[in-house]
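Here is run26.cif, consisting of mmCIF, C-alpha atoms and all ligand atoms:
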data_data
#
loop_
_atom_site.label_atom_id
_atom_site.label_comp_id
_atom_site.auth_asym_id
_atom_site.auth_seq_id
_atom_site.Cartn_x
_atom_site.Cartn_y
_atom_site.Cartn_z
CA MET S 1 -87.17 -85.25 176.14
CA GLU S 2 -85.33 -88.51 176.54
CA ASN S 3 -82.62 -88.31 179.11
CA GLN S 4 -79.90 -90.92 178.84
CA GLU S 5 -78.74 -90.54 182.42
CA LYS S 6 -82.02 -91.08 184.15
CA LYS S 7 -83.18 -94.64 184.64
CA ARG S 8 -86.41 -95.34 182.87
CA ILE S 9 -89.43 -96.77 184.62
CA LEU S 10 -92.36 -98.21 182.77
CA SER S 11 -95.72 -99.28 184.12
CA MET S 12 -99.17 -99.87 182.71
CA TYR S 13 -102.57 -100.37 184.23
CA GLN S 14 -105.56 -102.36 183.12
CA CYS S 15 -108.63 -100.22 182.99
CA THR S 16 -111.36 -102.83 183.36
CA GLY S 17 -113.00 -101.06 186.29
CA THR S 18 -112.56 -98.16 188.67
CA PHE S 19 -109.25 -98.27 190.55
CA THR S 20 -109.49 -99.58 194.10
CA LEU S 21 -107.83 -98.35 197.25
CA GLY S 22 -105.53 -101.37 196.72
CA ASN S 23 -104.40 -100.10 193.33
CA TYR S 24 -103.98 -96.63 194.81
CA LEU S 25 -101.95 -97.54 197.91
CA GLY S 26 -100.16 -100.55 196.43
CA ALA S 27 -99.18 -99.08 193.10
CA LEU S 28 -100.43 -95.74 191.77
CA ARG S 29 -99.38 -93.53 194.66
CA ASN S 30 -95.86 -94.96 194.66
CA HIS S 31 -95.55 -94.70 190.90
CA ILE S 32 -96.53 -91.05 190.90
CA LYS S 33 -93.85 -90.38 193.53
CA LEU S 34 -91.18 -91.92 191.29
CA GLN S 35 -91.51 -88.93 188.95
CA GLU S 36 -90.10 -86.77 191.73
CA GLU S 37 -87.32 -89.21 192.52
CA GLY S 38 -85.30 -88.60 189.39
CA TYR S 39 -86.67 -91.35 187.19
CA ASP S 40 -87.79 -90.98 183.63
CA CYS S 41 -91.31 -92.44 183.82
CA VAL S 42 -93.47 -93.84 181.06
CA TYR S 43 -96.99 -94.86 182.07
CA ALA S 44 -99.94 -96.11 180.08
CA LEU S 45 -103.37 -97.65 180.22
CA ALA S 46 -103.29 -101.21 178.92
CA ASP S 47 -106.57 -101.27 177.01
CA LEU S 48 -105.32 -103.88 174.51
CA HIS S 49 -104.61 -106.21 177.40
CA ALA S 50 -108.14 -105.65 178.67
CA LEU S 51 -109.51 -107.29 175.50
CA THR S 52 -108.24 -110.69 176.62
CA VAL S 53 -111.39 -110.83 178.73
CA ARG S 54 -114.74 -109.94 177.15
CA GLN S 55 -115.54 -106.27 177.86
CA VAL S 56 -118.63 -104.15 177.37
CA PRO S 57 -117.29 -101.66 174.75
CA ALA S 58 -118.88 -98.53 176.21
CA GLU S 59 -117.64 -99.46 179.67
CA LEU S 60 -114.07 -100.11 178.56
CA ARG S 61 -114.04 -96.67 176.93
CA LYS S 62 -115.53 -95.07 180.03
CA TYR S 63 -113.10 -96.77 182.42
CA THR S 64 -110.15 -95.87 180.20
CA LYS S 65 -111.01 -92.17 180.24
CA GLU S 66 -111.83 -92.32 183.93
CA ALA S 67 -108.47 -93.92 184.73
CA TYR S 68 -106.68 -91.37 182.58
CA ALA S 69 -108.37 -88.49 184.41
CA PHE S 70 -107.73 -90.09 187.79
CA LEU S 71 -103.98 -90.36 187.27
CA LEU S 72 -103.87 -86.73 186.15
CA ALA S 73 -105.84 -85.79 189.25
CA MET S 74 -103.29 -87.65 191.38
CA GLY S 75 -100.63 -85.31 190.09
CA LEU S 76 -99.12 -87.20 187.18
CA ASN S 77 -96.95 -84.54 185.61
CA LEU S 78 -96.99 -84.59 181.81
CA GLU S 79 -93.89 -82.44 181.63
CA LYS S 80 -91.91 -85.19 183.29
CA THR S 81 -93.86 -88.31 182.40
CA VAL S 82 -95.22 -89.70 179.15
CA PHE S 83 -98.71 -91.02 179.79
CA PHE S 84 -100.71 -92.60 176.99
CA ILE S 85 -103.34 -95.12 175.99
CA GLN S 86 -101.77 -98.32 174.67
CA SER S 87 -104.07 -98.78 171.65
CA GLN S 88 -103.12 -95.30 170.41
CA VAL S 89 -99.53 -96.40 169.96
CA PRO S 90 -99.64 -99.11 167.26
CA GLN S 91 -96.02 -100.09 167.83
CA HIS S 92 -97.17 -102.20 170.81
CA ALA S 93 -99.23 -104.56 168.68
CA GLU S 94 -96.55 -104.64 165.98
CA LEU S 95 -93.69 -105.55 168.28
CA ALA S 96 -95.92 -108.00 170.15
CA TRP S 97 -96.41 -109.96 166.91
CA ILE S 98 -92.68 -110.15 166.33
CA LEU S 99 -92.01 -111.19 169.93
CA ASN S 100 -94.67 -113.91 169.60
CA CYS S 101 -92.30 -115.52 167.14
CA TYR S 102 -89.48 -115.50 169.70
CA THR S 103 -91.47 -116.96 172.57
CA GLN S 104 -92.06 -120.63 173.12
CA PHE S 105 -95.41 -122.32 173.62
CA GLY S 106 -93.95 -124.09 176.64
CA GLU S 107 -92.93 -120.93 178.45
CA LEU S 108 -96.31 -119.28 177.90
CA SER S 109 -98.04 -122.44 179.18
CA ARG S 110 -96.23 -122.06 182.48
CA MET S 111 -97.55 -118.57 183.25
CA THR S 112 -99.64 -118.69 186.41
CA GLN S 113 -101.88 -115.81 185.30
CA PHE S 114 -102.75 -117.74 182.14
CA LYS S 115 -103.62 -120.80 184.19
CA ASP S 116 -105.71 -118.77 186.66
CA LYS S 117 -107.54 -116.77 184.02
CA SER S 118 -108.27 -119.79 181.84
CA ALA S 119 -109.78 -121.50 184.84
CA LYS S 120 -111.86 -118.40 185.59
CA HIS S 121 -112.98 -117.80 181.98
CA ALA S 122 -113.18 -121.39 180.75
CA ASP S 123 -115.58 -120.39 177.97
CA ASN S 124 -113.13 -117.90 176.45
CA ILE S 125 -109.56 -119.18 176.55
CA ASN S 126 -108.46 -117.09 173.61
CA ALA S 127 -105.07 -116.75 171.94
CA GLY S 128 -104.69 -113.24 173.35
CA LEU S 129 -104.93 -114.54 176.88
CA PHE S 130 -102.18 -117.01 176.04
CA THR S 131 -99.83 -114.50 174.38
CA TYR S 132 -100.60 -111.70 176.88
CA PRO S 133 -96.98 -111.87 178.16
CA CYS S 134 -95.63 -111.09 174.65
CA LEU S 135 -97.71 -107.92 174.46
CA MET S 136 -96.55 -106.99 177.94
CA ALA S 137 -92.93 -107.69 176.92
CA ALA S 138 -93.46 -105.39 173.92
CA ASP S 139 -94.83 -102.68 176.25
CA ILE S 140 -91.70 -102.83 178.33
CA LEU S 141 -89.02 -103.42 175.69
CA LEU S 142 -90.24 -100.73 173.26
CA TYR S 143 -89.29 -98.08 175.83
CA GLN S 144 -85.96 -99.68 176.82
CA ALA S 145 -87.20 -99.63 180.41
CA ASP S 146 -84.69 -100.27 183.19
CA TYR S 147 -87.29 -100.96 185.88
CA VAL S 148 -90.85 -102.14 185.96
CA PRO S 149 -92.63 -101.56 189.28
CA VAL S 150 -95.05 -104.43 189.76
CA GLY S 151 -96.83 -106.32 192.46
CA ALA S 152 -95.77 -109.89 193.18
CA ASP S 153 -98.45 -111.26 190.83
CA GLN S 154 -96.81 -109.60 187.80
CA LYS S 155 -93.22 -110.57 188.55
CA GLN S 156 -93.38 -113.66 186.37
CA HIS S 157 -94.40 -111.49 183.42
CA VAL S 158 -91.41 -109.21 183.87
CA GLU S 159 -89.21 -112.29 184.05
CA ILE S 160 -90.48 -113.61 180.75
CA ALA S 161 -89.91 -110.15 179.23
CA ARG S 162 -86.30 -110.42 180.42
CA ASP S 163 -85.96 -113.88 178.90
CA ILE S 164 -87.35 -112.68 175.58
CA ALA S 165 -85.03 -109.64 175.59
CA GLU S 166 -81.98 -111.73 176.39
CA ARG S 167 -82.85 -114.30 173.76
CA PHE S 168 -83.34 -111.61 171.11
CA ASN S 169 -80.13 -109.81 172.10
CA GLY S 170 -78.32 -113.14 171.96
CA ILE S 171 -79.37 -113.75 168.37
CA TYR S 172 -79.18 -110.22 166.95
CA GLY S 173 -76.84 -108.31 169.26
CA ASP S 174 -77.81 -105.65 171.78
CA THR S 175 -81.29 -104.43 170.95
CA PHE S 176 -83.27 -104.30 174.16
CA THR S 177 -82.49 -103.12 177.66
CA VAL S 178 -83.09 -106.10 179.94
CA PRO S 179 -85.66 -104.82 182.46
CA GLU S 180 -85.73 -105.51 186.16
CA PRO S 181 -88.83 -105.83 188.30
CA MET S 182 -89.03 -103.18 190.99
CA ILE S 183 -90.87 -104.53 194.00
CA PRO S 184 -92.16 -101.68 196.18
CA LYS S 185 -90.27 -101.10 199.44
CA HIS S 186 -93.32 -100.79 201.61
CA GLY S 187 -95.53 -103.12 199.61
CA ALA S 188 -98.89 -102.05 200.93
CA ARG S 189 -101.02 -105.04 200.03
CA VAL S 190 -104.60 -104.11 200.71
CA MET S 191 -106.98 -106.98 201.37
CA SER S 192 -110.73 -107.19 200.82
CA LEU S 193 -112.74 -105.64 203.65
CA GLN S 194 -115.11 -108.60 203.50
CA ASN S 195 -112.53 -111.34 203.14
CA PRO S 196 -109.18 -110.19 204.50
CA LEU S 197 -107.48 -113.29 203.11
CA SER S 198 -107.97 -112.27 199.49
CA LYS S 199 -106.64 -109.07 197.94
CA MET S 200 -108.87 -106.09 197.32
CA SER S 201 -109.61 -106.28 193.62
CA LYS S 202 -111.55 -104.32 190.99
CA SER S 203 -113.21 -107.48 189.78
CA ASP S 204 -114.41 -108.59 193.23
CA GLU S 205 -118.07 -109.53 193.04
CA ASN S 206 -118.68 -108.29 196.55
CA GLN S 207 -118.47 -104.50 196.18
CA ASN S 208 -118.57 -104.09 199.96
CA GLY S 209 -115.14 -105.67 200.04
CA ASN S 210 -113.48 -103.04 197.93
CA ILE S 211 -113.18 -99.28 198.24
CA SER S 212 -113.23 -97.63 194.86
CA VAL S 213 -111.12 -94.48 194.63
CA LEU S 214 -114.24 -92.64 193.46
CA ASP S 215 -116.52 -93.80 196.29
CA ASP S 216 -118.20 -90.90 198.09
CA PRO S 217 -117.50 -90.31 201.80
CA ASP S 218 -120.74 -91.95 203.00
CA THR S 219 -120.03 -95.09 201.03
CA ILE S 220 -116.46 -95.26 202.30
CA MET S 221 -117.68 -94.84 205.88
CA ARG S 222 -120.35 -97.51 205.45
CA LYS S 223 -117.93 -100.03 203.92
CA PHE S 224 -115.36 -99.54 206.68
CA LYS S 225 -117.96 -99.80 209.42
CA ARG S 226 -119.06 -103.13 207.92
CA ALA S 227 -115.52 -104.42 207.46
CA LYS S 228 -115.00 -107.95 208.76
CA THR S 229 -112.93 -107.92 211.90
CA ASP S 230 -111.86 -110.71 214.16
CA SER S 231 -113.07 -111.86 217.51
CA GLY S 232 -111.90 -109.56 220.30
CA SER S 233 -111.98 -105.81 220.08
CA GLU S 234 -108.44 -104.67 220.69
CA VAL S 235 -106.67 -102.69 218.01
CA ARG S 236 -103.50 -104.75 218.00
CA PHE S 237 -101.50 -106.24 215.13
CA GLY S 238 -101.21 -109.99 215.43
CA GLU S 239 -101.22 -113.36 213.80
CA GLY S 240 -104.64 -114.59 212.73
CA LYS S 241 -106.10 -111.09 213.13
CA ASP S 242 -106.28 -110.53 209.41
CA GLY S 243 -109.18 -108.10 209.46
CA VAL S 244 -107.61 -105.74 211.99
CA ASN S 245 -104.17 -106.15 210.44
CA ASN S 246 -105.59 -105.05 207.10
CA LEU S 247 -107.30 -101.99 208.59
CA MET S 248 -104.11 -101.11 210.45
CA GLY S 249 -102.14 -101.46 207.21
CA ILE S 250 -104.51 -99.08 205.45
CA TYR S 251 -104.45 -96.58 208.31
CA ALA S 252 -100.65 -96.74 208.46
CA ALA S 253 -100.29 -96.28 204.69
CA VAL S 254 -102.60 -93.27 204.67
CA THR S 255 -101.44 -91.49 207.83
CA GLY S 256 -97.77 -92.50 207.84
CA LYS S 257 -98.11 -93.73 211.44
CA THR S 258 -96.36 -96.86 212.65
CA PHE S 259 -98.26 -99.85 214.02
CA GLU S 260 -97.05 -99.05 217.56
CA GLU S 261 -98.35 -95.50 217.24
CA ILE S 262 -101.69 -96.80 216.03
CA GLU S 263 -101.94 -99.30 218.89
CA ARG S 264 -101.22 -96.50 221.37
CA GLU S 265 -103.72 -94.16 219.74
CA PHE S 266 -106.52 -96.72 220.07
CA GLU S 267 -105.53 -98.23 223.41
CA GLY S 268 -108.74 -99.22 225.20
CA LYS S 269 -110.93 -97.87 222.39
CA GLY S 270 -111.95 -100.91 220.36
CA TYR S 271 -113.07 -101.46 216.78
CA GLY S 272 -116.09 -99.19 217.18
CA GLU S 273 -113.84 -96.17 217.22
CA PHE S 274 -111.07 -97.53 215.04
CA LYS S 275 -113.11 -98.32 211.93
CA PRO S 276 -114.58 -94.82 211.48
CA ALA S 277 -111.13 -93.34 212.09
CA VAL S 278 -109.71 -95.43 209.25
CA ALA S 279 -112.61 -94.35 207.04
CA GLU S 280 -112.03 -90.67 207.88
CA ALA S 281 -108.35 -90.96 207.03
CA VAL S 282 -109.13 -92.57 203.69
CA ILE S 283 -111.80 -89.97 202.91
CA ALA S 284 -109.35 -87.17 203.69
CA GLU S 285 -106.67 -88.75 201.51
CA LEU S 286 -108.99 -89.17 198.52
CA ARG S 287 -110.97 -85.95 198.83
CA PRO S 288 -108.56 -83.53 197.06
CA ILE S 289 -107.92 -86.07 194.30
CA GLN S 290 -111.63 -86.64 193.78
CA GLU S 291 -112.17 -82.89 193.56
CA ARG S 292 -109.51 -82.49 190.88
CA TYR S 293 -110.83 -85.60 189.16
CA ARG S 294 -114.30 -84.08 188.88
CA GLU S 295 -112.88 -80.92 187.32
CA ILE S 296 -110.87 -82.90 184.80
CA VAL S 297 -113.68 -85.21 183.66
CA ALA S 298 -116.03 -82.26 183.37
CA ASP S 299 -113.73 -80.84 180.69
CA LYS S 300 -114.03 -83.51 178.02
CA ALA S 301 -112.20 -81.48 175.39
CA PHE S 302 -109.18 -81.04 177.66
CA LEU S 303 -109.04 -84.72 178.51
CA GLU S 304 -109.28 -85.78 174.89
CA GLN S 305 -106.69 -83.28 173.76
CA THR S 306 -104.33 -84.45 176.49
CA TYR S 307 -104.30 -88.14 175.66
CA ARG S 308 -104.20 -87.39 171.94
CA GLU S 309 -101.10 -85.24 172.44
CA GLN S 310 -99.39 -87.93 174.45
CA ALA S 311 -99.69 -90.67 171.84
CA PRO S 312 -97.12 -89.19 169.42
CA ARG S 313 -94.63 -88.68 172.26
CA ALA S 314 -94.84 -92.37 173.05
CA GLN S 315 -94.81 -93.34 169.37
CA ALA S 316 -91.57 -91.46 168.81
CA ILE S 317 -89.78 -93.46 171.49
CA ALA S 318 -91.41 -96.75 170.54
CA GLN S 319 -90.71 -96.41 166.82
CA ARG S 320 -86.98 -96.09 167.41
CA THR S 321 -86.93 -99.54 169.00
CA LEU S 322 -89.38 -101.05 166.53
CA SER S 323 -87.35 -99.85 163.51
CA LYS S 324 -84.21 -101.41 164.96
CA VAL S 325 -86.02 -104.70 165.51
CA MET S 326 -87.56 -104.74 162.03
CA LYS S 327 -84.19 -104.19 160.45
CA LYS S 328 -82.57 -106.92 162.52
CA VAL S 329 -85.16 -109.58 161.75
CA GLY S 330 -85.11 -108.82 158.02
CA LEU S 331 -88.26 -106.84 157.34
CA VAL S 332 -88.10 -104.40 154.44
CA GLN S 333 -88.58 -100.83 155.64
P1 LIG A 401 -108.20 -107.25 188.63
O1 LIG A 401 -109.27 -107.18 189.65
O2 LIG A 401 -108.69 -107.03 187.21
O3 LIG A 401 -107.28 -108.42 188.79
P2 LIG A 401 -106.57 -105.48 190.12
O4 LIG A 401 -107.43 -104.53 190.86
O5 LIG A 401 -106.02 -106.65 190.84
O6 LIG A 401 -107.30 -105.97 188.83
P3 LIG A 401 -104.34 -104.71 188.38
O7 LIG A 401 -104.79 -103.84 187.27
O8 LIG A 401 -103.99 -106.12 188.09
O9 LIG A 401 -105.41 -104.59 189.57
O10 LIG A 401 -103.11 -104.05 189.12
C1 LIG A 401 -102.63 -102.75 188.98
C2 LIG A 401 -101.57 -102.53 190.03
O11 LIG A 401 -102.17 -102.44 191.32
C3 LIG A 401 -100.55 -103.66 190.12
O12 LIG A 401 -99.26 -103.08 190.29
C4 LIG A 401 -100.96 -104.44 191.34
O13 LIG A 401 -99.88 -105.07 191.97
C5 LIG A 401 -101.56 -103.35 192.23
N1 LIG A 401 -102.62 -103.87 193.09
C6 LIG A 401 -103.80 -104.39 192.71
N2 LIG A 401 -104.54 -104.75 193.76
C7 LIG A 401 -103.81 -104.46 194.88
C8 LIG A 401 -104.02 -104.61 196.28
N3 LIG A 401 -105.15 -105.11 196.75
N4 LIG A 401 -103.07 -104.18 197.12
C9 LIG A 401 -101.94 -103.65 196.64
N5 LIG A 401 -101.66 -103.50 195.34
C10 LIG A 401 -102.57 -103.90 194.45
N1 LIG A 402 -100.31 -107.04 183.30
C1 LIG A 402 -100.36 -105.85 184.12
C2 LIG A 402 -100.68 -104.62 183.32
C3 LIG A 402 -99.60 -104.35 182.31
C4 LIG A 402 -98.26 -103.94 182.61
C5 LIG A 402 -97.62 -103.79 181.35
C6 LIG A 402 -97.59 -103.68 183.82
C7 LIG A 402 -99.70 -104.42 180.96
N2 LIG A 402 -98.52 -104.10 180.37
C8 LIG A 402 -96.29 -103.40 181.28
C9 LIG A 402 -96.25 -103.30 183.72
C10 LIG A 402 -95.61 -103.19 182.48
C11 LIG A 402 -101.46 -106.05 185.18
O1 LIG A 402 -102.37 -106.81 184.95
N3 LIG A 402 -101.37 -105.36 186.27
#
Take the structure I supplied and represent it as structure tokens, if you would.
Amino acid sequence: MENQEKKRILSMYQCTGTFTLGNYLGALRNHIKLQEEGYDCVYALADLHALTVRQVPAELRKYTKEAYAFLLAMGLNLEKTVFFIQSQVPQHAELAWILNCYTQFGELSRMTQFKDKSAKHADNINAGLFTYPCLMAADILLYQADYVPVGADQKQHVEIARDIAERFNGIYGDTFTVPEPMIPKHGARVMSLQNPLSKMSKSDENQNGNISVLDDPDTIMRKFKRAKTDSGSEVRFGEGKDGVNNLMGIYAAVTGKTFEEIEREFEGKGYGEFKPAVAEAVIAELRPIQERYREIVADKAFLEQTYREQAPRAQAIAQRTLSKVMKKVGLVQ
């Protein structure tokens, strides 16, 4: 199962809501492709991380299963990729505790996500929010990952995981592979349809700004038709034309067309024709995935059996690293 020659990629996803078109185009779709590009992929749903913000229990469970089914529907191949739910692999929490003891208060205080989230959830600045990077380092280091594909906002977390790995290796000898962030080549960054200066996000209060990957065709059409565009009506990429630029980015990502091709296609046609065309392209992209998704979620027994079978595969890899670490730090086994 484990192949020494292939480089290992690890990524995890928070399941605090339904994935957005941003998650899909900016991350998920690229990560699924990596399976076919000769990497050994390990993917998981980071439900322990989700607890750093107060969740409605039934919703967290629902979103976790939904996200699991969605990635399967996208074509995640369980013969090539290990895909599990973080809380079902106890080694994550165990290694995270140990790594807590090798991480400094000062370095955790400097994490921008901690600063942002504590400002946003001032009534619940819990210890988990603070030590989030140690759990994320455990996620990565347990699997001896070579690369971690992340968006720019998560780069600092991969860097601290590297620092922790290097520090630990320095004290105890080679234990962890030092991971590298993998920043996507064509980093499709999808912005909110209502405020093209902020990224499309699951937790956006304005649901008209984000396209959920499970939105039905009518909803997708309506949201695109209402998308904020700029003054003027020409479909042309340009500075200060954030609304149109965003729609062009989405259209390009979905159809594979270049910006010049898009400008030519809509020459003299205006936003009135462009917006529904973008919506149609997105609908067509998501339709087959949504169909498979509906089949998978309808079969609860299959879904449950699948994630249950994956947990021991992940545990086997994770335990090898954890046992090494326990021995090195002096825990009796
Ligand atoms: P939240 O709203 O809770 O902050 P999110 O929707 O921003 O969540 P994450 O779970 O933090 O999503 O991110 C999962 C992956 O999706 C990350 O690799 C992240 O870089 C990517 N991603 C999230 N939003 C976008 C976006 N709008 N455009 C491109 N990539 C995105
Ligand atoms: N923090 C990440 C989710 C995450 C992750 C990981 C990503 C948890 N553990 C390990 C890569 C590797 C986020 O919020 N997107």
- Message: The residues within 12 Å of (-106.2, -114.9, 170.8), using all atoms listed in the file and the coordinates of the file, should be reported as a PyMOL selection string; which are they?
- Response: chain S and resi 48-49+51-54+97+100+124-132+134-135
- Kindly provide, as a PyMOL selection string, all nucleotide and amino acid residues lying within 7 Å of ligand LIG 402 (chain A), counting only C-alpha atoms and all ligand atoms. chain S and resi 10-14+46+49+136-137+139-140+148-150+154
- ligand LIG 401 (chain A): which residues are within 9 Å, counting all atoms listed in the file, as JSON, numbers by chain? {"S": [11, 12, 13, 14, 15, 16, 17, 18, 19, 20, 21, 22, 23, 24, 25, 26, 27, 28, 46, 50, 149, 150, 151, 152, 153, 154, 187, 188, 189, 190, 191, 192, 198, 199, 200, 201, 202, 203, 204, 210]}
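For range 107-112 of chain S, the set of protein, DNA and RNA residues having any atom at most 8 Å away, when counting only C-alpha atoms and skipping those fewer than 2 positions along the same chain, is S:Thr103, S:Gln104, S:Phe105, S:Phe114, S:Lys115, S:Asp116, S:Phe130, S:Thr131, S:Pro133, S:Gln156, S:His157.
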- Item | Interatomic distance (Å, one decimal) between CA of Tyr102 in chain S and CA of Asp47 in chain S | 23.4 Å
- Of the residues S:Leu76, S:Cys101, S:Gln86, S:Tyr271, which is the one nearest to Phe168 in chain S, using only C-alpha atoms? S:Cys101
